[in-house]
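**Q** Coordinates in structure27.pdb, PDB, N, CA and C atoms, pLDDT in the B column, are listed below.
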```pdb
ATOM      1  N   MET A  19       0.819  -1.193   0.000  1.00 74.00           N
ATOM      2  CA  MET A  19       0.000   0.000   0.000  1.00 74.00           C
ATOM      3  C   MET A  19       0.865   1.259   0.000  1.00 74.00           C
ATOM      4  N   GLU A  20       1.957   1.196   0.737  1.00 92.00           N
ATOM      5  CA  GLU A  20       2.847   2.354   0.815  1.00 92.00           C
ATOM      6  C   GLU A  20       3.470   2.671  -0.546  1.00 92.00           C
ATOM      7  N   VAL A  21       3.738   1.635  -1.329  1.00 92.00           N
ATOM      8  CA  VAL A  21       4.317   1.833  -2.651  1.00 92.00           C
ATOM      9  C   VAL A  21       3.320   2.547  -3.560  1.00 92.00           C
ATOM     10  N   ALA A  22       2.052   2.170  -3.488  1.00 92.00           N
ATOM     11  CA  ALA A  22       1.025   2.797  -4.317  1.00 92.00           C
ATOM     12  C   ALA A  22       0.857   4.259  -3.930  1.00 92.00           C
ATOM     13  N   TYR A  23       0.859   4.553  -2.626  1.00 93.00           N
ATOM     14  CA  TYR A  23       0.727   5.946  -2.168  1.00 93.00           C
ATOM     15  C   TYR A  23       1.930   6.772  -2.606  1.00 93.00           C
ATOM     16  N   SER A  24       3.115   6.190  -2.481  1.00 95.00           N
ATOM     17  CA  SER A  24       4.336   6.878  -2.883  1.00 95.00           C
ATOM     18  C   SER A  24       4.326   7.152  -4.381  1.00 95.00           C
ATOM     19  N   HIS A  25       3.864   6.188  -5.161  1.00 96.00           N
ATOM     20  CA  HIS A  25       3.801   6.372  -6.609  1.00 96.00           C
ATOM     21  C   HIS A  25       2.805   7.486  -6.968  1.00 96.00           C
ATOM     22  N   ALA A  26       1.655   7.495  -6.326  1.00 95.00           N
ATOM     23  CA  ALA A  26       0.642   8.526  -6.593  1.00 95.00           C
ATOM     24  C   ALA A  26       1.173   9.907  -6.210  1.00 95.00           C
ATOM     25  N   GLN A  27       1.882   9.982  -5.103  1.00 96.00           N
ATOM     26  CA  GLN A  27       2.455  11.258  -4.667  1.00 96.00           C
ATOM     27  C   GLN A  27       3.516  11.733  -5.664  1.00 96.00           C
ATOM     28  N   ASN A  28       4.327  10.830  -6.141  1.00 97.00           N
ATOM     29  CA  ASN A  28       5.349  11.189  -7.126  1.00 97.00           C
ATOM     30  C   ASN A  28       4.713  11.639  -8.439  1.00 97.00           C
ATOM     31  N   GLN A  29       3.620  11.009  -8.828  1.00 97.00           N
ATOM     32  CA  GLN A  29       2.921  11.405 -10.048  1.00 97.00           C
ATOM     33  C   GLN A  29       2.347  12.817  -9.914  1.00 97.00           C
ATOM     34  N   ARG A  30       1.778  13.150  -8.754  1.00 97.00           N
ATOM     35  CA  ARG A  30       1.257  14.499  -8.520  1.00 97.00           C
ATOM     36  C   ARG A  30       2.381  15.526  -8.569  1.00 97.00           C
ATOM     37  N   LEU A  31       3.493  15.194  -7.962  1.00 97.00           N
ATOM     38  CA  LEU A  31       4.644  16.096  -7.969  1.00 97.00           C
ATOM     39  C   LEU A  31       5.175  16.301  -9.391  1.00 97.00           C
ATOM     40  N   LEU A  32       5.223  15.239 -10.166  1.00 98.00           N
ATOM     41  CA  LEU A  32       5.676  15.329 -11.547  1.00 98.00           C
ATOM     42  C   LEU A  32       4.730  16.203 -12.376  1.00 98.00           C
ATOM     43  N   LYS A  33       3.432  16.065 -12.146  1.00 98.00           N
ATOM     44  CA  LYS A  33       2.449  16.866 -12.866  1.00 98.00           C
ATOM     45  C   LYS A  33       2.595  18.346 -12.505  1.00 98.00           C
ATOM     46  N   GLN A  34       2.787  18.626 -11.218  1.00 98.00           N
ATOM     47  CA  GLN A  34       2.989  20.016 -10.778  1.00 98.00           C
ATOM     48  C   GLN A  34       4.252  20.602 -11.401  1.00 98.00           C
ATOM     49  N   ARG A  35       5.313  19.828 -11.421  1.00 98.00           N
ATOM     50  CA  ARG A  35       6.569  20.310 -11.985  1.00 98.00           C
ATOM     51  C   ARG A  35       6.440  20.590 -13.478  1.00 98.00           C
ATOM     52  N   ASN A  36       5.731  19.722 -14.174  1.00 98.00           N
ATOM     53  CA  ASN A  36       5.538  19.922 -15.610  1.00 98.00           C
ATOM     54  C   ASN A  36       4.683  21.153 -15.879  1.00 98.00           C
ATOM     55  N   LEU A  37       3.646  21.373 -15.072  1.00 98.00           N
ATOM     56  CA  LEU A  37       2.812  22.560 -15.242  1.00 98.00           C
ATOM     57  C   LEU A  37       3.612  23.833 -14.949  1.00 98.00           C
ATOM     58  N   LEU A  38       4.461  23.788 -13.952  1.00 98.00           N
ATOM     59  CA  LEU A  38       5.309  24.935 -13.635  1.00 98.00           C
ATOM     60  C   LEU A  38       6.278  25.212 -14.780  1.00 98.00           C
ATOM     61  N   LEU A  39       6.847  24.173 -15.346  1.00 98.00           N
ATOM     62  CA  LEU A  39       7.748  24.339 -16.490  1.00 98.00           C
ATOM     63  C   LEU A  39       7.012  24.925 -17.690  1.00 98.00           C
ATOM     64  N   LEU A  40       5.793  24.475 -17.920  1.00 98.00           N
ATOM     65  CA  LEU A  40       4.993  24.995 -19.022  1.00 98.00           C
ATOM     66  C   LEU A  40       4.666  26.477 -18.805  1.00 98.00           C
ATOM     67  N   ALA A  41       4.275  26.841 -17.589  1.00 98.00           N
ATOM     68  CA  ALA A  41       3.953  28.237 -17.293  1.00 98.00           C
ATOM     69  C   ALA A  41       5.186  29.126 -17.411  1.00 98.00           C
ATOM     70  N   ALA A  42       6.323  28.661 -16.900  1.00 98.00           N
ATOM     71  CA  ALA A  42       7.562  29.441 -16.983  1.00 98.00           C
ATOM     72  C   ALA A  42       7.998  29.605 -18.440  1.00 98.00           C
ATOM     73  N   SER A  43       7.844  28.564 -19.240  1.00 98.00           N
ATOM     74  CA  SER A  43       8.212  28.649 -20.654  1.00 98.00           C
ATOM     75  C   SER A  43       7.307  29.636 -21.391  1.00 98.00           C
ATOM     76  N   ALA A  44       6.009  29.598 -21.097  1.00 98.00           N
ATOM     77  CA  ALA A  44       5.076  30.519 -21.746  1.00 98.00           C
ATOM     78  C   ALA A  44       5.404  31.963 -21.373  1.00 98.00           C
ATOM     79  N   LEU A  45       5.732  32.210 -20.115  1.00 98.00           N
ATOM     80  CA  LEU A  45       6.100  33.561 -19.693  1.00 98.00           C
ATOM     81  C   LEU A  45       7.400  34.016 -20.346  1.00 98.00           C
ATOM     82  N   ALA A  46       8.349  33.111 -20.493  1.00 98.00           N
ATOM     83  CA  ALA A  46       9.616  33.462 -21.136  1.00 98.00           C
ATOM     84  C   ALA A  46       9.403  33.817 -22.605  1.00 98.00           C
ATOM     85  N   VAL A  47       8.559  33.059 -23.284  1.00 98.00           N
ATOM     86  CA  VAL A  47       8.272  33.348 -24.694  1.00 98.00           C
ATOM     87  C   VAL A  47       7.552  34.685 -24.813  1.00 98.00           C
ATOM     88  N   LEU A  48       6.588  34.933 -23.930  1.00 98.00           N
ATOM     89  CA  LEU A  48       5.861  36.201 -23.949  1.00 98.00           C
ATOM     90  C   LEU A  48       6.808  37.374 -23.689  1.00 98.00           C
ATOM     91  N   ALA A  49       7.702  37.229 -22.731  1.00 98.00           N
ATOM     92  CA  ALA A  49       8.661  38.293 -22.433  1.00 98.00           C
ATOM     93  C   ALA A  49       9.583  38.544 -23.631  1.00 98.00           C
ATOM     94  N   ALA A  50      10.022  37.490 -24.298  1.00 98.00           N
ATOM     95  CA  ALA A  50      10.891  37.647 -25.466  1.00 98.00           C
ATOM     96  C   ALA A  50      10.155  38.368 -26.590  1.00 98.00           C
ATOM     97  N   ILE A  51       8.898  38.010 -26.820  1.00 97.00           N
ATOM     98  CA  ILE A  51       8.117  38.669 -27.869  1.00 97.00           C
ATOM     99  C   ILE A  51       7.923  40.146 -27.542  1.00 97.00           C
ATOM    100  N   LEU A  52       7.589  40.447 -26.298  1.00 95.00           N
ATOM    101  CA  LEU A  52       7.393  41.843 -25.906  1.00 95.00           C
ATOM    102  C   LEU A  52       8.688  42.647 -26.027  1.00 95.00           C
ATOM    103  N   LEU A  53       9.809  42.044 -25.698  1.00 95.00           N
ATOM    104  CA  LEU A  53      11.094  42.731 -25.854  1.00 95.00           C
ATOM    105  C   LEU A  53      11.391  43.001 -27.325  1.00 95.00           C
ATOM    106  N   LEU A  54      11.128  42.026 -28.171  1.00 94.00           N
ATOM    107  CA  LEU A  54      11.367  42.223 -29.609  1.00 94.00           C
ATOM    108  C   LEU A  54      10.476  43.327 -30.157  1.00 94.00           C
ATOM    109  N   ILE A  55       9.225  43.351 -29.740  1.00 92.00           N
ATOM    110  CA  ILE A  55       8.316  44.407 -30.191  1.00 92.00           C
ATOM    111  C   ILE A  55       8.794  45.760 -29.684  1.00 92.00           C
ATOM    112  N   GLY A  56       9.209  45.809 -28.436  1.00 89.00           N
ATOM    113  CA  GLY A  56       9.671  47.069 -27.849  1.00 89.00           C
ATOM    114  C   GLY A  56      10.909  47.613 -28.525  1.00 89.00           C
ATOM    115  N   PHE A  57      11.844  46.753 -28.875  1.00 88.00           N
ATOM    116  CA  PHE A  57      13.084  47.214 -29.499  1.00 88.00           C
ATOM    117  C   PHE A  57      12.920  47.515 -30.983  1.00 88.00           C
ATOM    118  N   SER A  58      11.918  46.933 -31.619  1.00 88.00           N
ATOM    119  CA  SER A  58      11.776  47.137 -33.056  1.00 88.00           C
ATOM    120  C   SER A  58      10.893  48.338 -33.397  1.00 88.00           C
ATOM    121  N   ARG A  59      10.243  48.926 -32.428  1.00 82.00           N
ATOM    122  CA  ARG A  59       9.376  50.076 -32.696  1.00 82.00           C
ATOM    123  C   ARG A  59      10.180  51.307 -33.061  1.00 82.00           C
ATOM    124  N   ASP A  60       9.619  52.088 -33.985  1.00 78.00           N
ATOM    125  CA  ASP A  60      10.226  53.369 -34.308  1.00 78.00           C
ATOM    126  C   ASP A  60       9.942  54.342 -33.176  1.00 78.00           C
ATOM    127  N   ARG A  61      10.948  55.086 -32.815  1.00 75.00           N
ATOM    128  CA  ARG A  61      10.777  56.036 -31.717  1.00 75.00           C
ATOM    129  C   ARG A  61      10.711  57.452 -32.279  1.00 75.00           C
ATOM    130  N   GLU A  62       9.750  58.197 -31.785  1.00 77.00           N
ATOM    131  CA  GLU A  62       9.631  59.593 -32.191  1.00 77.00           C
ATOM    132  C   GLU A  62      10.492  60.433 -31.262  1.00 77.00           C
ATOM    133  N   PRO A  63      11.171  61.451 -31.795  1.00 73.00           N
ATOM    134  CA  PRO A  63      11.987  62.301 -30.922  1.00 73.00           C
ATOM    135  C   PRO A  63      11.086  63.095 -29.976  1.00 73.00           C
ATOM    136  N   VAL A  64      11.521  63.176 -28.747  1.00 74.00           N
ATOM    137  CA  VAL A  64      10.784  63.937 -27.743  1.00 74.00           C
ATOM    138  C   VAL A  64      11.371  65.342 -27.694  1.00 74.00           C
ATOM    139  N   PRO A  65      10.548  66.377 -27.878  1.00 72.00           N
ATOM    140  CA  PRO A  65      11.088  67.744 -27.856  1.00 72.00           C
ATOM    141  C   PRO A  65      11.628  68.093 -26.463  1.00 72.00           C
ATOM    142  N   GLN A  66      12.764  68.756 -26.455  1.00 75.00           N
ATOM    143  CA  GLN A  66      13.378  69.177 -25.203  1.00 75.00           C
ATOM    144  C   GLN A  66      12.920  70.589 -24.864  1.00 75.00           C
ATOM    145  N   ARG A  67      12.994  70.945 -23.605  1.00 74.00           N
ATOM    146  CA  ARG A  67      12.573  72.290 -23.186  1.00 74.00           C
ATOM    147  C   ARG A  67      13.413  73.381 -23.846  1.00 74.00           C
ATOM    148  N   ALA A  68      14.707  73.156 -23.985  1.00 67.00           N
ATOM    149  CA  ALA A  68      15.574  74.161 -24.601  1.00 67.00           C
ATOM    150  C   ALA A  68      15.165  74.393 -26.048  1.00 67.00           C
ATOM    151  N   ALA A  69      14.823  73.333 -26.758  1.00 55.00           N
ATOM    152  CA  ALA A  69      14.409  73.469 -28.149  1.00 55.00           C
ATOM    153  C   ALA A  69      13.082  74.211 -28.222  1.00 55.00           C
ATOM    154  N   LEU A  70      12.200  73.978 -27.285  1.00 55.00           N
ATOM    155  CA  LEU A  70      10.913  74.660 -27.296  1.00 55.00           C
ATOM    156  C   LEU A  70      11.070  76.149 -26.987  1.00 55.00           C
ATOM    157  N   SER A  71      11.931  76.474 -26.041  1.00 59.00           N
ATOM    158  CA  SER A  71      12.114  77.891 -25.691  1.00 59.00           C
ATOM    159  C   SER A  71      12.801  78.649 -26.823  1.00 59.00           C
ATOM    160  N   GLN A  72      13.696  78.007 -27.582  1.00 62.00           N
ATOM    161  CA  GLN A  72      14.336  78.674 -28.716  1.00 62.00           C
ATOM    162  C   GLN A  72      13.337  78.869 -29.849  1.00 62.00           C
ATOM    163  N   ALA A  73      12.416  77.934 -30.002  1.00 60.00           N
ATOM    164  CA  ALA A  73      11.435  78.059 -31.078  1.00 60.00           C
ATOM    165  C   ALA A  73      10.465  79.202 -30.806  1.00 60.00           C
ATOM    166  N   ARG A  74      10.187  79.484 -29.543  1.00 62.00           N
ATOM    167  CA  ARG A  74       9.269  80.559 -29.181  1.00 62.00           C
ATOM    168  C   ARG A  74       9.910  81.927 -29.344  1.00 62.00           C
ATOM    169  N   ALA A  75      11.222  81.995 -29.204  1.00 55.00           N
ATOM    170  CA  ALA A  75      11.921  83.286 -29.238  1.00 55.00           C
ATOM    171  C   ALA A  75      12.081  83.848 -30.617  1.00 55.00           C
TER     172      ALA A  75
END
```
Would you mind giving the structure from this file in structure tokens?
**A**
Amino acid sequence: MEVAYSHAQNQRLLKQRNLLLLAASALAVLAAILLLIGFSRDREPVPQRAALSQARA
């Protein structure tokens, strides 16, 4: 009986570990995609205060 309980406990632990690995992998892929999108975007220049004050003068 102890062997069956031990086997069932090990199976639950294995399932939890696999689900954790799947979740961590999905988060890593999502983070990589978001980083690629962030770095590939065109950036618009932000006007500086000095440039704005010279334009007004």
**Q** Run DSSP on the backbone and grab whatever in chain A lands in helix (DSSP H, G or I); send it over as a PDB file with N, CA and C atoms, keeping the file's coordinate frame.
**A**
```pdb
ATOM      1  N   GLU A  20       1.957   1.196   0.737  1.00 92.00           N
ATOM      2  CA  GLU A  20       2.847   2.354   0.815  1.00 92.00           C
ATOM      3  C   GLU A  20       3.470   2.671  -0.546  1.00 92.00           C
ATOM      4  N   VAL A  21       3.738   1.635  -1.329  1.00 92.00           N
ATOM      5  CA  VAL A  21       4.317   1.833  -2.651  1.00 92.00           C
ATOM      6  C   VAL A  21       3.320   2.547  -3.560  1.00 92.00           C
ATOM      7  N   ALA A  22       2.052   2.170  -3.488  1.00 92.00           N
ATOM      8  CA  ALA A  22       1.025   2.797  -4.317  1.00 92.00           C
ATOM      9  C   ALA A  22       0.857   4.259  -3.930  1.00 92.00           C
ATOM     10  N   TYR A  23       0.859   4.553  -2.626  1.00 93.00           N
ATOM     11  CA  TYR A  23       0.727   5.946  -2.168  1.00 93.00           C
ATOM     12  C   TYR A  23       1.930   6.772  -2.606  1.00 93.00           C
ATOM     13  N   SER A  24       3.115   6.190  -2.481  1.00 95.00           N
ATOM     14  CA  SER A  24       4.336   6.878  -2.883  1.00 95.00           C
ATOM     15  C   SER A  24       4.326   7.152  -4.381  1.00 95.00           C
ATOM     16  N   HIS A  25       3.864   6.188  -5.161  1.00 96.00           N
ATOM     17  CA  HIS A  25       3.801   6.372  -6.609  1.00 96.00           C
ATOM     18  C   HIS A  25       2.805   7.486  -6.968  1.00 96.00           C
ATOM     19  N   ALA A  26       1.655   7.495  -6.326  1.00 95.00           N
ATOM     20  CA  ALA A  26       0.642   8.526  -6.593  1.00 95.00           C
ATOM     21  C   ALA A  26       1.173   9.907  -6.210  1.00 95.00           C
ATOM     22  N   GLN A  27       1.882   9.982  -5.103  1.00 96.00           N
ATOM     23  CA  GLN A  27       2.455  11.258  -4.667  1.00 96.00           C
ATOM     24  C   GLN A  27       3.516  11.733  -5.664  1.00 96.00           C
ATOM     25  N   ASN A  28       4.327  10.830  -6.141  1.00 97.00           N
ATOM     26  CA  ASN A  28       5.349  11.189  -7.126  1.00 97.00           C
ATOM     27  C   ASN A  28       4.713  11.639  -8.439  1.00 97.00           C
ATOM     28  N   GLN A  29       3.620  11.009  -8.828  1.00 97.00           N
ATOM     29  CA  GLN A  29       2.921  11.405 -10.048  1.00 97.00           C
ATOM     30  C   GLN A  29       2.347  12.817  -9.914  1.00 97.00           C
ATOM     31  N   ARG A  30       1.778  13.150  -8.754  1.00 97.00           N
ATOM     32  CA  ARG A  30       1.257  14.499  -8.520  1.00 97.00           C
ATOM     33  C   ARG A  30       2.381  15.526  -8.569  1.00 97.00           C
ATOM     34  N   LEU A  31       3.493  15.194  -7.962  1.00 97.00           N
ATOM     35  CA  LEU A  31       4.644  16.096  -7.969  1.00 97.00           C
ATOM     36  C   LEU A  31       5.175  16.301  -9.391  1.00 97.00           C
ATOM     37  N   LEU A  32       5.223  15.239 -10.166  1.00 98.00           N
ATOM     38  CA  LEU A  32       5.676  15.329 -11.547  1.00 98.00           C
ATOM     39  C   LEU A  32       4.730  16.203 -12.376  1.00 98.00           C
ATOM     40  N   LYS A  33       3.432  16.065 -12.146  1.00 98.00           N
ATOM     41  CA  LYS A  33       2.449  16.866 -12.866  1.00 98.00           C
ATOM     42  C   LYS A  33       2.595  18.346 -12.505  1.00 98.00           C
ATOM     43  N   GLN A  34       2.787  18.626 -11.218  1.00 98.00           N
ATOM     44  CA  GLN A  34       2.989  20.016 -10.778  1.00 98.00           C
ATOM     45  C   GLN A  34       4.252  20.602 -11.401  1.00 98.00           C
ATOM     46  N   ARG A  35       5.313  19.828 -11.421  1.00 98.00           N
ATOM     47  CA  ARG A  35       6.569  20.310 -11.985  1.00 98.00           C
ATOM     48  C   ARG A  35       6.440  20.590 -13.478  1.00 98.00           C
ATOM     49  N   ASN A  36       5.731  19.722 -14.174  1.00 98.00           N
ATOM     50  CA  ASN A  36       5.538  19.922 -15.610  1.00 98.00           C
ATOM     51  C   ASN A  36       4.683  21.153 -15.879  1.00 98.00           C
ATOM     52  N   LEU A  37       3.646  21.373 -15.072  1.00 98.00           N
ATOM     53  CA  LEU A  37       2.812  22.560 -15.242  1.00 98.00           C
ATOM     54  C   LEU A  37       3.612  23.833 -14.949  1.00 98.00           C
ATOM     55  N   LEU A  38       4.461  23.788 -13.952  1.00 98.00           N
ATOM     56  CA  LEU A  38       5.309  24.935 -13.635  1.00 98.00           C
ATOM     57  C   LEU A  38       6.278  25.212 -14.780  1.00 98.00           C
ATOM     58  N   LEU A  39       6.847  24.173 -15.346  1.00 98.00           N
ATOM     59  CA  LEU A  39       7.748  24.339 -16.490  1.00 98.00           C
ATOM     60  C   LEU A  39       7.012  24.925 -17.690  1.00 98.00           C
ATOM     61  N   LEU A  40       5.793  24.475 -17.920  1.00 98.00           N
ATOM     62  CA  LEU A  40       4.993  24.995 -19.022  1.00 98.00           C
ATOM     63  C   LEU A  40       4.666  26.477 -18.805  1.00 98.00           C
ATOM     64  N   ALA A  41       4.275  26.841 -17.589  1.00 98.00           N
ATOM     65  CA  ALA A  41       3.953  28.237 -17.293  1.00 98.00           C
ATOM     66  C   ALA A  41       5.186  29.126 -17.411  1.00 98.00           C
ATOM     67  N   ALA A  42       6.323  28.661 -16.900  1.00 98.00           N
ATOM     68  CA  ALA A  42       7.562  29.441 -16.983  1.00 98.00           C
ATOM     69  C   ALA A  42       7.998  29.605 -18.440  1.00 98.00           C
ATOM     70  N   SER A  43       7.844  28.564 -19.240  1.00 98.00           N
ATOM     71  CA  SER A  43       8.212  28.649 -20.654  1.00 98.00           C
ATOM     72  C   SER A  43       7.307  29.636 -21.391  1.00 98.00           C
ATOM     73  N   ALA A  44       6.009  29.598 -21.097  1.00 98.00           N
ATOM     74  CA  ALA A  44       5.076  30.519 -21.746  1.00 98.00           C
ATOM     75  C   ALA A  44       5.404  31.963 -21.373  1.00 98.00           C
ATOM     76  N   LEU A  45       5.732  32.210 -20.115  1.00 98.00           N
ATOM     77  CA  LEU A  45       6.100  33.561 -19.693  1.00 98.00           C
ATOM     78  C   LEU A  45       7.400  34.016 -20.346  1.00 98.00           C
ATOM     79  N   ALA A  46       8.349  33.111 -20.493  1.00 98.00           N
ATOM     80  CA  ALA A  46       9.616  33.462 -21.136  1.00 98.00           C
ATOM     81  C   ALA A  46       9.403  33.817 -22.605  1.00 98.00           C
ATOM     82  N   VAL A  47       8.559  33.059 -23.284  1.00 98.00           N
ATOM     83  CA  VAL A  47       8.272  33.348 -24.694  1.00 98.00           C
ATOM     84  C   VAL A  47       7.552  34.685 -24.813  1.00 98.00           C
ATOM     85  N   LEU A  48       6.588  34.933 -23.930  1.00 98.00           N
ATOM     86  CA  LEU A  48       5.861  36.201 -23.949  1.00 98.00           C
ATOM     87  C   LEU A  48       6.808  37.374 -23.689  1.00 98.00           C
ATOM     88  N   ALA A  49       7.702  37.229 -22.731  1.00 98.00           N
ATOM     89  CA  ALA A  49       8.661  38.293 -22.433  1.00 98.00           C
ATOM     90  C   ALA A  49       9.583  38.544 -23.631  1.00 98.00           C
ATOM     91  N   ALA A  50      10.022  37.490 -24.298  1.00 98.00           N
ATOM     92  CA  ALA A  50      10.891  37.647 -25.466  1.00 98.00           C
ATOM     93  C   ALA A  50      10.155  38.368 -26.590  1.00 98.00           C
ATOM     94  N   ILE A  51       8.898  38.010 -26.820  1.00 97.00           N
ATOM     95  CA  ILE A  51       8.117  38.669 -27.869  1.00 97.00           C
ATOM     96  C   ILE A  51       7.923  40.146 -27.542  1.00 97.00           C
ATOM     97  N   LEU A  52       7.589  40.447 -26.298  1.00 95.00           N
ATOM     98  CA  LEU A  52       7.393  41.843 -25.906  1.00 95.00           C
ATOM     99  C   LEU A  52       8.688  42.647 -26.027  1.00 95.00           C
ATOM    100  N   LEU A  53       9.809  42.044 -25.698  1.00 95.00           N
ATOM    101  CA  LEU A  53      11.094  42.731 -25.854  1.00 95.00           C
ATOM    102  C   LEU A  53      11.391  43.001 -27.325  1.00 95.00           C
ATOM    103  N   LEU A  54      11.128  42.026 -28.171  1.00 94.00           N
ATOM    104  CA  LEU A  54      11.367  42.223 -29.609  1.00 94.00           C
ATOM    105  C   LEU A  54      10.476  43.327 -30.157  1.00 94.00           C
ATOM    106  N   ILE A  55       9.225  43.351 -29.740  1.00 92.00           N
ATOM    107  CA  ILE A  55       8.316  44.407 -30.191  1.00 92.00           C
ATOM    108  C   ILE A  55       8.794  45.760 -29.684  1.00 92.00           C
ATOM    109  N   GLY A  56       9.209  45.809 -28.436  1.00 89.00           N
ATOM    110  CA  GLY A  56       9.671  47.069 -27.849  1.00 89.00           C
ATOM    111  C   GLY A  56      10.909  47.613 -28.525  1.00 89.00           C
ATOM    112  N   PHE A  57      11.844  46.753 -28.875  1.00 88.00           N
ATOM    113  CA  PHE A  57      13.084  47.214 -29.499  1.00 88.00           C
ATOM    114  C   PHE A  57      12.920  47.515 -30.983  1.00 88.00           C
ATOM    115  N   SER A  58      11.918  46.933 -31.619  1.00 88.00           N
ATOM    116  CA  SER A  58      11.776  47.137 -33.056  1.00 88.00           C
ATOM    117  C   SER A  58      10.893  48.338 -33.397  1.00 88.00           C
ATOM    118  N   ARG A  67      12.994  70.945 -23.605  1.00 74.00           N
ATOM    119  CA  ARG A  67      12.573  72.290 -23.186  1.00 74.00           C
ATOM    120  C   ARG A  67      13.413  73.381 -23.846  1.00 74.00           C
ATOM    121  N   ALA A  68      14.707  73.156 -23.985  1.00 67.00           N
ATOM    122  CA  ALA A  68      15.574  74.161 -24.601  1.00 67.00           C
ATOM    123  C   ALA A  68      15.165  74.393 -26.048  1.00 67.00           C
ATOM    124  N   ALA A  69      14.823  73.333 -26.758  1.00 55.00           N
ATOM    125  CA  ALA A  69      14.409  73.469 -28.149  1.00 55.00           C
ATOM    126  C   ALA A  69      13.082  74.211 -28.222  1.00 55.00           C
ATOM    127  N   LEU A  70      12.200  73.978 -27.285  1.00 55.00           N
ATOM    128  CA  LEU A  70      10.913  74.660 -27.296  1.00 55.00           C
ATOM    129  C   LEU A  70      11.070  76.149 -26.987  1.00 55.00           C
ATOM    130  N   SER A  71      11.931  76.474 -26.041  1.00 59.00           N
ATOM    131  CA  SER A  71      12.114  77.891 -25.691  1.00 59.00           C
ATOM    132  C   SER A  71      12.801  78.649 -26.823  1.00 59.00           C
ATOM    133  N   GLN A  72      13.696  78.007 -27.582  1.00 62.00           N
ATOM    134  CA  GLN A  72      14.336  78.674 -28.716  1.00 62.00           C
ATOM    135  C   GLN A  72      13.337  78.869 -29.849  1.00 62.00           C
ATOM    136  N   ALA A  73      12.416  77.934 -30.002  1.00 60.00           N
ATOM    137  CA  ALA A  73      11.435  78.059 -31.078  1.00 60.00           C
ATOM    138  C   ALA A  73      10.465  79.202 -30.806  1.00 60.00           C
ATOM    139  N   ARG A  74      10.187  79.484 -29.543  1.00 62.00           N
ATOM    140  CA  ARG A  74       9.269  80.559 -29.181  1.00 62.00           C
ATOM    141  C   ARG A  74       9.910  81.927 -29.344  1.00 62.00           C
TER     142      ARG A  74
END
```
**Q** Between atom N of Asn36 in chain A and CA of Ser24 in chain A, what distance in Å does the model show, to one decimal?
**A** 17.2 Å
**Q** Just how far from CA of Pro65 in chain A is atom C of Ala50 in chain A, in Å to one decimal?
**A**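 Separation of atom C of Ala50 in chain A and CA of Pro65 in chain A: 29.4 Å.
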**Q** Provide the atom C of Gln34 in chain A to atom C of Val47 in chain A distance in Å, to one decimal place.
**A**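 Separation between atom C of Gln34 in chain A and atom C of Val47 in chain A: 19.7 Å.
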